[in-house]
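For reference, structure.txt is printed below; it contains compact mmCIF, N, CA and C atoms.
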```
# COMPACT_ATOMS: atom_id res chain seq x y z
N MET A 26 -64.30 -15.39 -46.03
CA MET A 26 -63.61 -16.55 -45.47
C MET A 26 -63.90 -16.62 -43.97
N VAL A 27 -63.74 -17.80 -43.42
CA VAL A 27 -63.92 -18.00 -41.99
C VAL A 27 -62.58 -18.29 -41.33
N GLY A 28 -62.57 -18.30 -40.00
CA GLY A 28 -61.34 -18.48 -39.24
C GLY A 28 -60.50 -19.67 -39.66
N LYS A 29 -61.15 -20.82 -39.91
CA LYS A 29 -60.41 -22.02 -40.29
C LYS A 29 -59.63 -21.79 -41.58
N GLN A 30 -60.20 -21.08 -42.52
CA GLN A 30 -59.51 -20.82 -43.79
C GLN A 30 -58.27 -19.94 -43.58
N TYR A 31 -58.36 -18.97 -42.68
CA TYR A 31 -57.18 -18.15 -42.37
C TYR A 31 -56.11 -18.99 -41.68
N GLU A 32 -56.55 -19.88 -40.80
CA GLU A 32 -55.60 -20.78 -40.14
C GLU A 32 -54.96 -21.73 -41.15
N ASP A 33 -55.72 -22.19 -42.13
CA ASP A 33 -55.15 -23.06 -43.18
C ASP A 33 -54.04 -22.33 -43.94
N ILE A 34 -54.25 -21.06 -44.24
CA ILE A 34 -53.22 -20.26 -44.92
C ILE A 34 -51.97 -20.17 -44.04
N ALA A 35 -52.18 -19.94 -42.74
CA ALA A 35 -51.05 -19.84 -41.81
C ALA A 35 -50.31 -21.17 -41.71
N VAL A 36 -51.04 -22.28 -41.66
CA VAL A 36 -50.41 -23.60 -41.58
C VAL A 36 -49.56 -23.86 -42.82
N ARG A 37 -50.08 -23.56 -44.00
CA ARG A 37 -49.30 -23.75 -45.23
C ARG A 37 -48.02 -22.92 -45.19
N PHE A 38 -48.11 -21.70 -44.74
CA PHE A 38 -46.94 -20.83 -44.60
C PHE A 38 -45.92 -21.45 -43.65
N LEU A 39 -46.38 -21.91 -42.51
CA LEU A 39 -45.47 -22.50 -41.52
C LEU A 39 -44.81 -23.76 -42.07
N GLU A 40 -45.58 -24.62 -42.68
CA GLU A 40 -45.02 -25.86 -43.23
C GLU A 40 -44.01 -25.57 -44.33
N THR A 41 -44.27 -24.56 -45.14
CA THR A 41 -43.33 -24.16 -46.18
C THR A 41 -42.01 -23.68 -45.58
N ASN A 42 -42.10 -23.14 -44.35
CA ASN A 42 -40.92 -22.62 -43.67
C ASN A 42 -40.39 -23.60 -42.62
N ARG A 43 -40.57 -24.89 -42.85
CA ARG A 43 -39.98 -25.99 -42.08
C ARG A 43 -40.47 -26.08 -40.63
N PHE A 44 -41.71 -25.71 -40.41
CA PHE A 44 -42.33 -25.94 -39.11
C PHE A 44 -43.11 -27.24 -39.18
N ARG A 45 -43.14 -27.95 -38.06
CA ARG A 45 -43.96 -29.16 -37.94
C ARG A 45 -45.15 -28.79 -37.06
N ILE A 46 -46.34 -29.01 -37.56
CA ILE A 46 -47.55 -28.66 -36.83
C ILE A 46 -47.82 -29.72 -35.77
N LEU A 47 -47.86 -29.29 -34.51
CA LEU A 47 -48.13 -30.20 -33.40
C LEU A 47 -49.60 -30.22 -33.02
N GLY A 48 -50.29 -29.14 -33.31
CA GLY A 48 -51.71 -29.09 -32.97
C GLY A 48 -52.38 -27.86 -33.54
N ARG A 49 -53.69 -27.99 -33.68
CA ARG A 49 -54.52 -26.87 -34.13
C ARG A 49 -55.72 -26.78 -33.22
N ASN A 50 -56.09 -25.56 -32.90
CA ASN A 50 -57.25 -25.30 -32.05
C ASN A 50 -57.21 -26.10 -30.75
N TYR A 51 -56.05 -26.05 -30.11
CA TYR A 51 -55.89 -26.72 -28.81
C TYR A 51 -56.72 -25.96 -27.78
N ARG A 52 -57.62 -26.68 -27.11
CA ARG A 52 -58.56 -26.02 -26.20
C ARG A 52 -58.49 -26.59 -24.79
N ILE A 53 -58.63 -25.68 -23.85
CA ILE A 53 -58.92 -26.03 -22.47
C ILE A 53 -60.11 -25.16 -22.07
N ARG A 54 -60.65 -25.40 -20.89
CA ARG A 54 -61.74 -24.54 -20.47
C ARG A 54 -61.21 -23.12 -20.31
N GLY A 55 -61.79 -22.22 -21.07
CA GLY A 55 -61.40 -20.81 -20.97
C GLY A 55 -60.24 -20.39 -21.86
N GLY A 56 -59.77 -21.26 -22.76
CA GLY A 56 -58.67 -20.85 -23.61
C GLY A 56 -58.50 -21.71 -24.85
N GLU A 57 -57.88 -21.12 -25.85
CA GLU A 57 -57.60 -21.83 -27.09
C GLU A 57 -56.34 -21.25 -27.72
N ILE A 58 -55.57 -22.13 -28.35
CA ILE A 58 -54.43 -21.71 -29.15
C ILE A 58 -54.70 -22.17 -30.57
N ASP A 59 -54.57 -21.25 -31.53
CA ASP A 59 -54.89 -21.56 -32.92
C ASP A 59 -53.97 -22.63 -33.50
N ILE A 60 -52.65 -22.42 -33.37
CA ILE A 60 -51.68 -23.36 -33.95
C ILE A 60 -50.52 -23.53 -32.98
N ILE A 61 -50.09 -24.77 -32.82
CA ILE A 61 -48.88 -25.06 -32.07
C ILE A 61 -47.94 -25.75 -33.04
N ALA A 62 -46.74 -25.21 -33.16
CA ALA A 62 -45.79 -25.72 -34.15
C ALA A 62 -44.40 -25.82 -33.54
N GLN A 63 -43.60 -26.69 -34.14
CA GLN A 63 -42.22 -26.86 -33.69
C GLN A 63 -41.29 -26.63 -34.86
N ARG A 64 -40.19 -25.98 -34.57
CA ARG A 64 -39.15 -25.78 -35.57
C ARG A 64 -37.83 -26.16 -34.92
N GLY A 65 -37.14 -27.10 -35.52
CA GLY A 65 -35.93 -27.62 -34.90
C GLY A 65 -36.29 -28.53 -33.74
N LYS A 66 -35.32 -28.81 -32.91
CA LYS A 66 -35.54 -29.74 -31.80
C LYS A 66 -36.11 -29.07 -30.56
N ARG A 67 -35.84 -27.77 -30.38
CA ARG A 67 -36.16 -27.16 -29.10
C ARG A 67 -37.16 -26.02 -29.14
N ASP A 68 -37.52 -25.54 -30.30
CA ASP A 68 -38.38 -24.35 -30.38
C ASP A 68 -39.83 -24.70 -30.65
N ILE A 69 -40.69 -24.34 -29.68
CA ILE A 69 -42.13 -24.55 -29.80
C ILE A 69 -42.79 -23.18 -29.93
N TYR A 70 -43.66 -23.05 -30.91
CA TYR A 70 -44.35 -21.79 -31.17
C TYR A 70 -45.85 -21.95 -30.92
N PHE A 71 -46.39 -21.08 -30.09
CA PHE A 71 -47.82 -20.99 -29.85
C PHE A 71 -48.28 -19.79 -30.66
N ILE A 72 -49.12 -20.05 -31.65
CA ILE A 72 -49.40 -19.03 -32.67
C ILE A 72 -50.86 -18.62 -32.66
N GLU A 73 -51.06 -17.33 -32.57
CA GLU A 73 -52.38 -16.73 -32.69
C GLU A 73 -52.53 -16.22 -34.12
N VAL A 74 -53.59 -16.65 -34.79
CA VAL A 74 -53.85 -16.22 -36.17
C VAL A 74 -54.88 -15.09 -36.11
N ARG A 75 -54.55 -14.00 -36.76
CA ARG A 75 -55.44 -12.84 -36.79
C ARG A 75 -55.68 -12.42 -38.23
N HIS A 76 -56.88 -11.94 -38.48
CA HIS A 76 -57.22 -11.37 -39.79
C HIS A 76 -57.72 -9.95 -39.55
N ARG A 77 -57.12 -9.04 -40.23
CA ARG A 77 -57.55 -7.64 -40.16
C ARG A 77 -58.19 -7.30 -41.50
N GLY A 78 -59.40 -6.80 -41.45
CA GLY A 78 -60.13 -6.49 -42.67
C GLY A 78 -59.52 -5.36 -43.47
N LYS A 79 -59.95 -5.26 -44.70
CA LYS A 79 -59.48 -4.16 -45.56
C LYS A 79 -59.83 -2.84 -44.90
N GLY A 80 -58.93 -1.92 -45.01
CA GLY A 80 -59.15 -0.61 -44.44
C GLY A 80 -58.69 -0.49 -43.00
N SER A 81 -58.24 -1.58 -42.42
CA SER A 81 -57.75 -1.52 -41.05
C SER A 81 -56.30 -1.04 -41.06
N PHE A 82 -56.02 -0.04 -40.25
CA PHE A 82 -54.67 0.51 -40.20
C PHE A 82 -53.85 -0.09 -39.06
N ALA A 83 -54.51 -0.76 -38.14
CA ALA A 83 -53.82 -1.36 -37.01
C ALA A 83 -53.18 -2.69 -37.42
N ARG A 84 -52.05 -3.00 -36.80
CA ARG A 84 -51.43 -4.30 -37.01
C ARG A 84 -52.18 -5.34 -36.21
N ALA A 85 -52.13 -6.59 -36.66
CA ALA A 85 -52.86 -7.67 -35.98
C ALA A 85 -52.46 -7.78 -34.52
N PHE A 86 -51.17 -7.63 -34.24
CA PHE A 86 -50.70 -7.75 -32.87
C PHE A 86 -51.39 -6.75 -31.94
N GLU A 87 -51.68 -5.58 -32.45
CA GLU A 87 -52.29 -4.55 -31.63
C GLU A 87 -53.70 -4.91 -31.17
N SER A 88 -54.31 -5.90 -31.79
CA SER A 88 -55.66 -6.30 -31.40
C SER A 88 -55.66 -7.33 -30.27
N ILE A 89 -54.49 -7.74 -29.80
CA ILE A 89 -54.41 -8.74 -28.74
C ILE A 89 -54.27 -8.02 -27.40
N THR A 90 -55.27 -8.20 -26.57
CA THR A 90 -55.29 -7.54 -25.26
C THR A 90 -54.40 -8.30 -24.27
N GLN A 91 -54.13 -7.67 -23.15
CA GLN A 91 -53.38 -8.32 -22.08
C GLN A 91 -54.11 -9.57 -21.60
N LYS A 92 -55.42 -9.52 -21.50
CA LYS A 92 -56.20 -10.68 -21.08
C LYS A 92 -56.04 -11.83 -22.08
N LYS A 93 -56.04 -11.52 -23.37
CA LYS A 93 -55.87 -12.55 -24.39
C LYS A 93 -54.48 -13.17 -24.29
N LYS A 94 -53.46 -12.36 -24.08
CA LYS A 94 -52.10 -12.88 -23.90
C LYS A 94 -52.07 -13.86 -22.72
N GLU A 95 -52.66 -13.45 -21.62
CA GLU A 95 -52.67 -14.31 -20.44
C GLU A 95 -53.42 -15.61 -20.70
N THR A 96 -54.50 -15.55 -21.45
CA THR A 96 -55.26 -16.76 -21.78
C THR A 96 -54.44 -17.69 -22.66
N ILE A 97 -53.74 -17.14 -23.65
CA ILE A 97 -52.90 -17.96 -24.53
C ILE A 97 -51.79 -18.62 -23.71
N ILE A 98 -51.17 -17.86 -22.84
CA ILE A 98 -50.07 -18.40 -22.04
C ILE A 98 -50.57 -19.47 -21.08
N LYS A 99 -51.69 -19.23 -20.43
CA LYS A 99 -52.27 -20.24 -19.54
C LYS A 99 -52.56 -21.53 -20.31
N THR A 100 -53.11 -21.40 -21.49
CA THR A 100 -53.42 -22.57 -22.32
C THR A 100 -52.14 -23.27 -22.74
N ALA A 101 -51.11 -22.51 -23.09
CA ALA A 101 -49.82 -23.09 -23.47
C ALA A 101 -49.22 -23.88 -22.32
N LEU A 102 -49.34 -23.36 -21.11
CA LEU A 102 -48.80 -24.07 -19.95
C LEU A 102 -49.50 -25.41 -19.73
N PHE A 103 -50.80 -25.46 -19.98
CA PHE A 103 -51.52 -26.73 -19.91
C PHE A 103 -51.00 -27.70 -20.97
N PHE A 104 -50.76 -27.20 -22.19
CA PHE A 104 -50.22 -28.03 -23.26
C PHE A 104 -48.85 -28.59 -22.88
N ILE A 105 -47.99 -27.73 -22.37
CA ILE A 105 -46.63 -28.14 -21.98
C ILE A 105 -46.70 -29.24 -20.93
N LYS A 106 -47.56 -29.05 -19.96
CA LYS A 106 -47.70 -30.05 -18.89
C LYS A 106 -48.32 -31.34 -19.43
N GLU A 107 -49.38 -31.21 -20.22
CA GLU A 107 -50.07 -32.39 -20.76
C GLU A 107 -49.13 -33.25 -21.62
N LYS A 108 -48.31 -32.59 -22.43
CA LYS A 108 -47.40 -33.31 -23.33
C LYS A 108 -46.08 -33.68 -22.67
N ARG A 109 -45.91 -33.24 -21.41
CA ARG A 109 -44.68 -33.52 -20.65
C ARG A 109 -43.43 -33.12 -21.44
N LEU A 110 -43.46 -31.90 -21.94
CA LEU A 110 -42.32 -31.40 -22.72
C LEU A 110 -41.13 -31.19 -21.80
N PRO A 111 -39.92 -31.46 -22.30
CA PRO A 111 -38.73 -31.33 -21.45
C PRO A 111 -38.44 -29.88 -21.07
N ASP A 112 -37.68 -29.73 -20.01
CA ASP A 112 -37.35 -28.40 -19.48
C ASP A 112 -36.49 -27.55 -20.41
N ASN A 113 -35.78 -28.17 -21.33
CA ASN A 113 -34.84 -27.41 -22.16
C ASN A 113 -35.47 -26.84 -23.43
N MET A 114 -36.79 -26.85 -23.53
CA MET A 114 -37.46 -26.31 -24.71
C MET A 114 -37.53 -24.78 -24.62
N CYS A 115 -37.58 -24.14 -25.78
CA CYS A 115 -37.76 -22.69 -25.87
C CYS A 115 -39.16 -22.42 -26.40
N TYR A 116 -39.91 -21.62 -25.69
CA TYR A 116 -41.30 -21.36 -26.05
C TYR A 116 -41.44 -19.94 -26.61
N HIS A 117 -42.17 -19.84 -27.71
CA HIS A 117 -42.37 -18.57 -28.40
C HIS A 117 -43.87 -18.34 -28.56
N PHE A 118 -44.27 -17.10 -28.39
CA PHE A 118 -45.67 -16.72 -28.57
C PHE A 118 -45.71 -15.73 -29.73
N SER A 119 -46.31 -16.18 -30.82
CA SER A 119 -46.23 -15.42 -32.07
C SER A 119 -47.62 -15.12 -32.61
N VAL A 120 -47.67 -14.12 -33.49
CA VAL A 120 -48.92 -13.70 -34.13
C VAL A 120 -48.71 -13.71 -35.63
N VAL A 121 -49.61 -14.37 -36.34
CA VAL A 121 -49.59 -14.39 -37.80
C VAL A 121 -50.80 -13.60 -38.28
N ASP A 122 -50.54 -12.59 -39.06
CA ASP A 122 -51.58 -11.73 -39.63
C ASP A 122 -51.86 -12.22 -41.05
N VAL A 123 -53.06 -12.72 -41.25
CA VAL A 123 -53.44 -13.26 -42.56
C VAL A 123 -54.36 -12.27 -43.26
N GLY A 124 -53.99 -11.93 -44.48
CA GLY A 124 -54.84 -11.08 -45.30
C GLY A 124 -55.91 -11.92 -45.97
N ASP A 125 -56.45 -11.44 -47.05
CA ASP A 125 -57.52 -12.17 -47.72
C ASP A 125 -57.06 -13.49 -48.32
N ARG A 126 -55.81 -13.57 -48.76
CA ARG A 126 -55.34 -14.81 -49.38
C ARG A 126 -53.90 -15.17 -49.02
N GLU A 127 -53.23 -14.31 -48.25
CA GLU A 127 -51.81 -14.56 -47.97
C GLU A 127 -51.42 -13.97 -46.62
N ILE A 128 -50.24 -14.33 -46.17
CA ILE A 128 -49.70 -13.81 -44.93
C ILE A 128 -49.28 -12.36 -45.14
N GLU A 129 -49.79 -11.50 -44.26
CA GLU A 129 -49.46 -10.08 -44.34
C GLU A 129 -48.25 -9.75 -43.47
N ASP A 130 -48.18 -10.37 -42.29
CA ASP A 130 -47.14 -10.03 -41.34
C ASP A 130 -47.02 -11.16 -40.32
N VAL A 131 -45.82 -11.32 -39.76
CA VAL A 131 -45.59 -12.29 -38.68
C VAL A 131 -44.76 -11.59 -37.61
N LEU A 132 -45.22 -11.67 -36.40
CA LEU A 132 -44.46 -11.18 -35.26
C LEU A 132 -44.10 -12.41 -34.43
N TRP A 133 -42.86 -12.88 -34.61
CA TRP A 133 -42.45 -14.18 -34.07
C TRP A 133 -42.45 -14.25 -32.56
N ASP A 134 -41.95 -13.28 -31.89
CA ASP A 134 -41.95 -13.27 -30.42
C ASP A 134 -42.74 -12.06 -29.96
N ALA A 135 -44.05 -12.15 -30.16
CA ALA A 135 -44.94 -11.03 -29.89
C ALA A 135 -45.03 -10.70 -28.40
N PHE A 136 -44.96 -11.74 -27.58
CA PHE A 136 -44.98 -11.55 -26.13
C PHE A 136 -44.34 -12.76 -25.48
N THR A 137 -44.08 -12.65 -24.17
CA THR A 137 -43.42 -13.74 -23.45
C THR A 137 -44.22 -14.10 -22.20
N ILE A 138 -43.89 -15.23 -21.66
CA ILE A 138 -44.54 -15.65 -20.41
C ILE A 138 -44.29 -14.61 -19.32
N GLU A 139 -43.14 -14.01 -19.35
CA GLU A 139 -42.80 -13.02 -18.33
C GLU A 139 -43.70 -11.79 -18.37
N ASP A 140 -44.45 -11.61 -19.46
CA ASP A 140 -45.37 -10.49 -19.57
C ASP A 140 -46.63 -10.68 -18.74
N THR A 141 -46.79 -11.85 -18.13
CA THR A 141 -48.03 -12.16 -17.40
C THR A 141 -47.73 -12.68 -16.00
N ASN A 142 -48.77 -12.94 -15.27
CA ASN A 142 -48.66 -13.50 -13.93
C ASN A 142 -48.46 -15.01 -13.95
N TRP A 143 -48.44 -15.62 -15.11
CA TRP A 143 -48.31 -17.08 -15.22
C TRP A 143 -46.87 -17.55 -15.21
N ALA A 144 -45.90 -16.65 -15.21
CA ALA A 144 -44.49 -17.02 -15.31
C ALA A 144 -44.05 -17.98 -14.20
N TYR A 145 -44.64 -17.88 -13.03
CA TYR A 145 -44.20 -18.73 -11.92
C TYR A 145 -44.59 -20.19 -12.09
N PHE A 146 -45.39 -20.52 -13.09
CA PHE A 146 -45.78 -21.92 -13.31
C PHE A 146 -44.71 -22.72 -14.04
N LEU A 147 -43.74 -22.06 -14.64
CA LEU A 147 -42.70 -22.80 -15.36
C LEU A 147 -41.65 -23.36 -14.44
```
Target encoding structure tokens, full file:
Amino acid sequence: MVGKQYEDIAVRFLETNRFRILGRNYRIRGGEIDIIAQRGKRDIYFIEVRHRGKGSFARAFESITQKKKETIIKTALFFIKEKRLPDNMCYHFSVVDVGDREIEDVLWDAFTIEDTNWAYFL
């Protein structure tokens, strides 16, 4: 399977769990977010989809470096500004681990803006 197919599995999972998909593969120069979803009125989720091959003992979250976190957050901040989202929104940075055909694990609040140098942009 290729990345898009893993993302499709993640999107189906999210939609089944009452998330509304706001965007897929949102790109800026130097960054991309796999899925952006909303649940309820105030919660926006920026989701990184990861696939760990058979035989891998590490969790998907463990494969995300500090640089990758910063890139995701920088990209999310561009999205927030571009869409002019209100100040009262809650932003979540999550990781969905997709196996060969199903969701293996979800870490809903894998990291926060405060984990990076980008926090002062909010």
query: So, counting only C-alpha atoms, which residue among A:Ile72, A:Lys106, A:Arg77, A:Glu95 is closest to A:Ala135?
result: A:Ile72
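With only C-alpha atoms as the atoms that count, the minimum distance from A:Ser119 to the choices A:Leu39, A:Val74, A:Ile138, A:Ile46 is reached by A:Val74.
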Near-stretch 50-55 of chain A list (8 Å; all atoms listed in the file; drop same-chain fewer than 6 positions) as a PDB file with N, CA and C atoms, in the coordinates of the input:
```pdb
ATOM      1  N   ILE A  61     -50.090 -24.770 -32.820  1.00  0.00           N
ATOM      2  CA  ILE A  61     -48.880 -25.060 -32.070  1.00  0.00           C
ATOM      3  C   ILE A  61     -47.940 -25.750 -33.040  1.00  0.00           C
ATOM      4  N   THR A  96     -54.500 -15.550 -21.450  1.00  0.00           N
ATOM      5  CA  THR A  96     -55.260 -16.760 -21.780  1.00  0.00           C
ATOM      6  C   THR A  96     -54.440 -17.690 -22.660  1.00  0.00           C
ATOM      7  N   ILE A  97     -53.740 -17.140 -23.650  1.00  0.00           N
ATOM      8  CA  ILE A  97     -52.900 -17.960 -24.530  1.00  0.00           C
ATOM      9  C   ILE A  97     -51.790 -18.620 -23.710  1.00  0.00           C
ATOM     10  N   LYS A  99     -51.690 -19.230 -20.430  1.00  0.00           N
ATOM     11  CA  LYS A  99     -52.270 -20.240 -19.540  1.00  0.00           C
ATOM     12  C   LYS A  99     -52.560 -21.530 -20.310  1.00  0.00           C
ATOM     13  N   THR A 100     -53.110 -21.400 -21.490  1.00  0.00           N
ATOM     14  CA  THR A 100     -53.420 -22.570 -22.320  1.00  0.00           C
ATOM     15  C   THR A 100     -52.140 -23.270 -22.740  1.00  0.00           C
ATOM     16  N   PHE A 103     -50.800 -25.460 -19.980  1.00  0.00           N
ATOM     17  CA  PHE A 103     -51.520 -26.730 -19.910  1.00  0.00           C
ATOM     18  C   PHE A 103     -51.000 -27.700 -20.970  1.00  0.00           C
TER      19      PHE A 103
END
```
Skipping near chain neighbours, those fewer than 3 positions away, what residues fall within 6.5 Å of stretch 63-66 of chain A using all atoms listed in the file, listed as a compact mmCIF listing (two decimals) with N, CA and C atoms, in the coordinates of the input?
```
# COMPACT_ATOMS: atom_id res chain seq x y z
N ARG A 43 -40.57 -24.89 -42.85
CA ARG A 43 -39.98 -25.99 -42.08
C ARG A 43 -40.47 -26.08 -40.63
N PHE A 44 -41.71 -25.71 -40.41
CA PHE A 44 -42.33 -25.94 -39.11
C PHE A 44 -43.11 -27.24 -39.18
N ARG A 45 -43.14 -27.95 -38.06
CA ARG A 45 -43.96 -29.16 -37.94
C ARG A 45 -45.15 -28.79 -37.06
N ILE A 46 -46.34 -29.01 -37.56
CA ILE A 46 -47.55 -28.66 -36.83
C ILE A 46 -47.82 -29.72 -35.77
N LEU A 47 -47.86 -29.29 -34.51
CA LEU A 47 -48.13 -30.20 -33.40
C LEU A 47 -49.60 -30.22 -33.02
N ILE A 69 -40.69 -24.34 -29.68
CA ILE A 69 -42.13 -24.55 -29.80
C ILE A 69 -42.79 -23.18 -29.93
N TYR A 70 -43.66 -23.05 -30.91
CA TYR A 70 -44.35 -21.79 -31.17
C TYR A 70 -45.85 -21.95 -30.92
```
- request: List every residue of chain A that DSSP, applied to the backbone of this structure, places in strand (DSSP E), and write the result as an NGL selection string.
  value: :A and (45-53 or 56-64 or 68-76 or 115-123 or 128-136)
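Atom C of A:Cys115 to atom N of A:Thr41 spans 19.5 Å [interatomic distance, one decimal].
Nearest to A:Leu132 of all the residues A:Lys108, A:Lys93, A:Ile34, A:Phe86 is A:Phe86, based on only N, CA and C atoms.
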task: For atom CA of A:Glu139 and atom CA of A:Pro111, determine how far apart the two atoms are, in Å to one decimal place.
output: 19.0 Å
Best match for closeness to A:Ala35 among A:Thr137, A:Ile98, A:Glu127, A:Phe118, counting only C-alpha atoms: A:Glu127
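One finds atom CA of A:Asn42 at 25.1 Å from atom CA of A:Asp112.
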Output as an mmCIF file with N, CA and C atoms, in the coordinates of the input all residues of stretch 29-115 of chain A that backbone DSSP marks as alpha helix (DSSP H).
```cif
data_model
loop_
_atom_site.group_PDB
_atom_site.id
_atom_site.type_symbol
_atom_site.label_atom_id
_atom_site.label_comp_id
_atom_site.auth_asym_id
_atom_site.auth_seq_id
_atom_site.Cartn_x
_atom_site.Cartn_y
_atom_site.Cartn_z
ATOM 1 N N LYS A 29 -61.150 -20.820 -39.910
ATOM 2 C CA LYS A 29 -60.410 -22.020 -40.290
ATOM 3 C C LYS A 29 -59.630 -21.790 -41.580
ATOM 4 N N GLN A 30 -60.200 -21.080 -42.520
ATOM 5 C CA GLN A 30 -59.510 -20.820 -43.790
ATOM 6 C C GLN A 30 -58.270 -19.940 -43.580
ATOM 7 N N TYR A 31 -58.360 -18.970 -42.680
ATOM 8 C CA TYR A 31 -57.180 -18.150 -42.370
ATOM 9 C C TYR A 31 -56.110 -18.990 -41.680
ATOM 10 N N GLU A 32 -56.550 -19.880 -40.800
ATOM 11 C CA GLU A 32 -55.600 -20.780 -40.140
ATOM 12 C C GLU A 32 -54.960 -21.730 -41.150
ATOM 13 N N ASP A 33 -55.720 -22.190 -42.130
ATOM 14 C CA ASP A 33 -55.150 -23.060 -43.180
ATOM 15 C C ASP A 33 -54.040 -22.330 -43.940
ATOM 16 N N ILE A 34 -54.250 -21.060 -44.240
ATOM 17 C CA ILE A 34 -53.220 -20.260 -44.920
ATOM 18 C C ILE A 34 -51.970 -20.170 -44.040
ATOM 19 N N ALA A 35 -52.180 -19.940 -42.740
ATOM 20 C CA ALA A 35 -51.050 -19.840 -41.810
ATOM 21 C C ALA A 35 -50.310 -21.170 -41.710
ATOM 22 N N VAL A 36 -51.040 -22.280 -41.660
ATOM 23 C CA VAL A 36 -50.410 -23.600 -41.580
ATOM 24 C C VAL A 36 -49.560 -23.860 -42.820
ATOM 25 N N ARG A 37 -50.080 -23.560 -44.000
ATOM 26 C CA ARG A 37 -49.300 -23.750 -45.230
ATOM 27 C C ARG A 37 -48.020 -22.920 -45.190
ATOM 28 N N PHE A 38 -48.110 -21.700 -44.740
ATOM 29 C CA PHE A 38 -46.940 -20.830 -44.600
ATOM 30 C C PHE A 38 -45.920 -21.450 -43.650
ATOM 31 N N LEU A 39 -46.380 -21.910 -42.510
ATOM 32 C CA LEU A 39 -45.470 -22.500 -41.520
ATOM 33 C C LEU A 39 -44.810 -23.760 -42.070
ATOM 34 N N GLU A 40 -45.580 -24.620 -42.680
ATOM 35 C CA GLU A 40 -45.020 -25.860 -43.230
ATOM 36 C C GLU A 40 -44.010 -25.570 -44.330
ATOM 37 N N THR A 41 -44.270 -24.560 -45.140
ATOM 38 C CA THR A 41 -43.330 -24.160 -46.180
ATOM 39 C C THR A 41 -42.010 -23.680 -45.580
ATOM 40 N N GLN A 91 -54.130 -7.670 -23.150
ATOM 41 C CA GLN A 91 -53.380 -8.320 -22.080
ATOM 42 C C GLN A 91 -54.110 -9.570 -21.600
ATOM 43 N N LYS A 92 -55.420 -9.520 -21.500
ATOM 44 C CA LYS A 92 -56.200 -10.680 -21.080
ATOM 45 C C LYS A 92 -56.040 -11.830 -22.080
ATOM 46 N N LYS A 93 -56.040 -11.520 -23.370
ATOM 47 C CA LYS A 93 -55.870 -12.550 -24.390
ATOM 48 C C LYS A 93 -54.480 -13.170 -24.290
ATOM 49 N N LYS A 94 -53.460 -12.360 -24.080
ATOM 50 C CA LYS A 94 -52.100 -12.880 -23.900
ATOM 51 C C LYS A 94 -52.070 -13.860 -22.720
ATOM 52 N N GLU A 95 -52.660 -13.450 -21.620
ATOM 53 C CA GLU A 95 -52.670 -14.310 -20.440
ATOM 54 C C GLU A 95 -53.420 -15.610 -20.700
ATOM 55 N N THR A 96 -54.500 -15.550 -21.450
ATOM 56 C CA THR A 96 -55.260 -16.760 -21.780
ATOM 57 C C THR A 96 -54.440 -17.690 -22.660
ATOM 58 N N ILE A 97 -53.740 -17.140 -23.650
ATOM 59 C CA ILE A 97 -52.900 -17.960 -24.530
ATOM 60 C C ILE A 97 -51.790 -18.620 -23.710
ATOM 61 N N ILE A 98 -51.170 -17.860 -22.840
ATOM 62 C CA ILE A 98 -50.070 -18.400 -22.040
ATOM 63 C C ILE A 98 -50.570 -19.470 -21.080
ATOM 64 N N LYS A 99 -51.690 -19.230 -20.430
ATOM 65 C CA LYS A 99 -52.270 -20.240 -19.540
ATOM 66 C C LYS A 99 -52.560 -21.530 -20.310
ATOM 67 N N THR A 100 -53.110 -21.400 -21.490
ATOM 68 C CA THR A 100 -53.420 -22.570 -22.320
ATOM 69 C C THR A 100 -52.140 -23.270 -22.740
ATOM 70 N N ALA A 101 -51.110 -22.510 -23.090
ATOM 71 C CA ALA A 101 -49.820 -23.090 -23.470
ATOM 72 C C ALA A 101 -49.220 -23.880 -22.320
ATOM 73 N N LEU A 102 -49.340 -23.360 -21.110
ATOM 74 C CA LEU A 102 -48.800 -24.070 -19.950
ATOM 75 C C LEU A 102 -49.500 -25.410 -19.730
ATOM 76 N N PHE A 103 -50.800 -25.460 -19.980
ATOM 77 C CA PHE A 103 -51.520 -26.730 -19.910
ATOM 78 C C PHE A 103 -51.000 -27.700 -20.970
ATOM 79 N N PHE A 104 -50.760 -27.200 -22.190
ATOM 80 C CA PHE A 104 -50.220 -28.030 -23.260
ATOM 81 C C PHE A 104 -48.850 -28.590 -22.880
ATOM 82 N N ILE A 105 -47.990 -27.730 -22.370
ATOM 83 C CA ILE A 105 -46.630 -28.140 -21.980
ATOM 84 C C ILE A 105 -46.700 -29.240 -20.930
ATOM 85 N N LYS A 106 -47.560 -29.050 -19.960
ATOM 86 C CA LYS A 106 -47.700 -30.050 -18.890
ATOM 87 C C LYS A 106 -48.320 -31.340 -19.430
ATOM 88 N N GLU A 107 -49.380 -31.210 -20.220
ATOM 89 C CA GLU A 107 -50.070 -32.390 -20.760
ATOM 90 C C GLU A 107 -49.130 -33.250 -21.620
ATOM 91 N N LYS A 108 -48.310 -32.590 -22.430
ATOM 92 C CA LYS A 108 -47.400 -33.310 -23.330
ATOM 93 C C LYS A 108 -46.080 -33.680 -22.670
#
```
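Distances here use only C-alpha atoms; by that measure, the residue among A:Val36, A:Val131, A:Leu102, A:Val123 closest to A:His76 is A:Val123.
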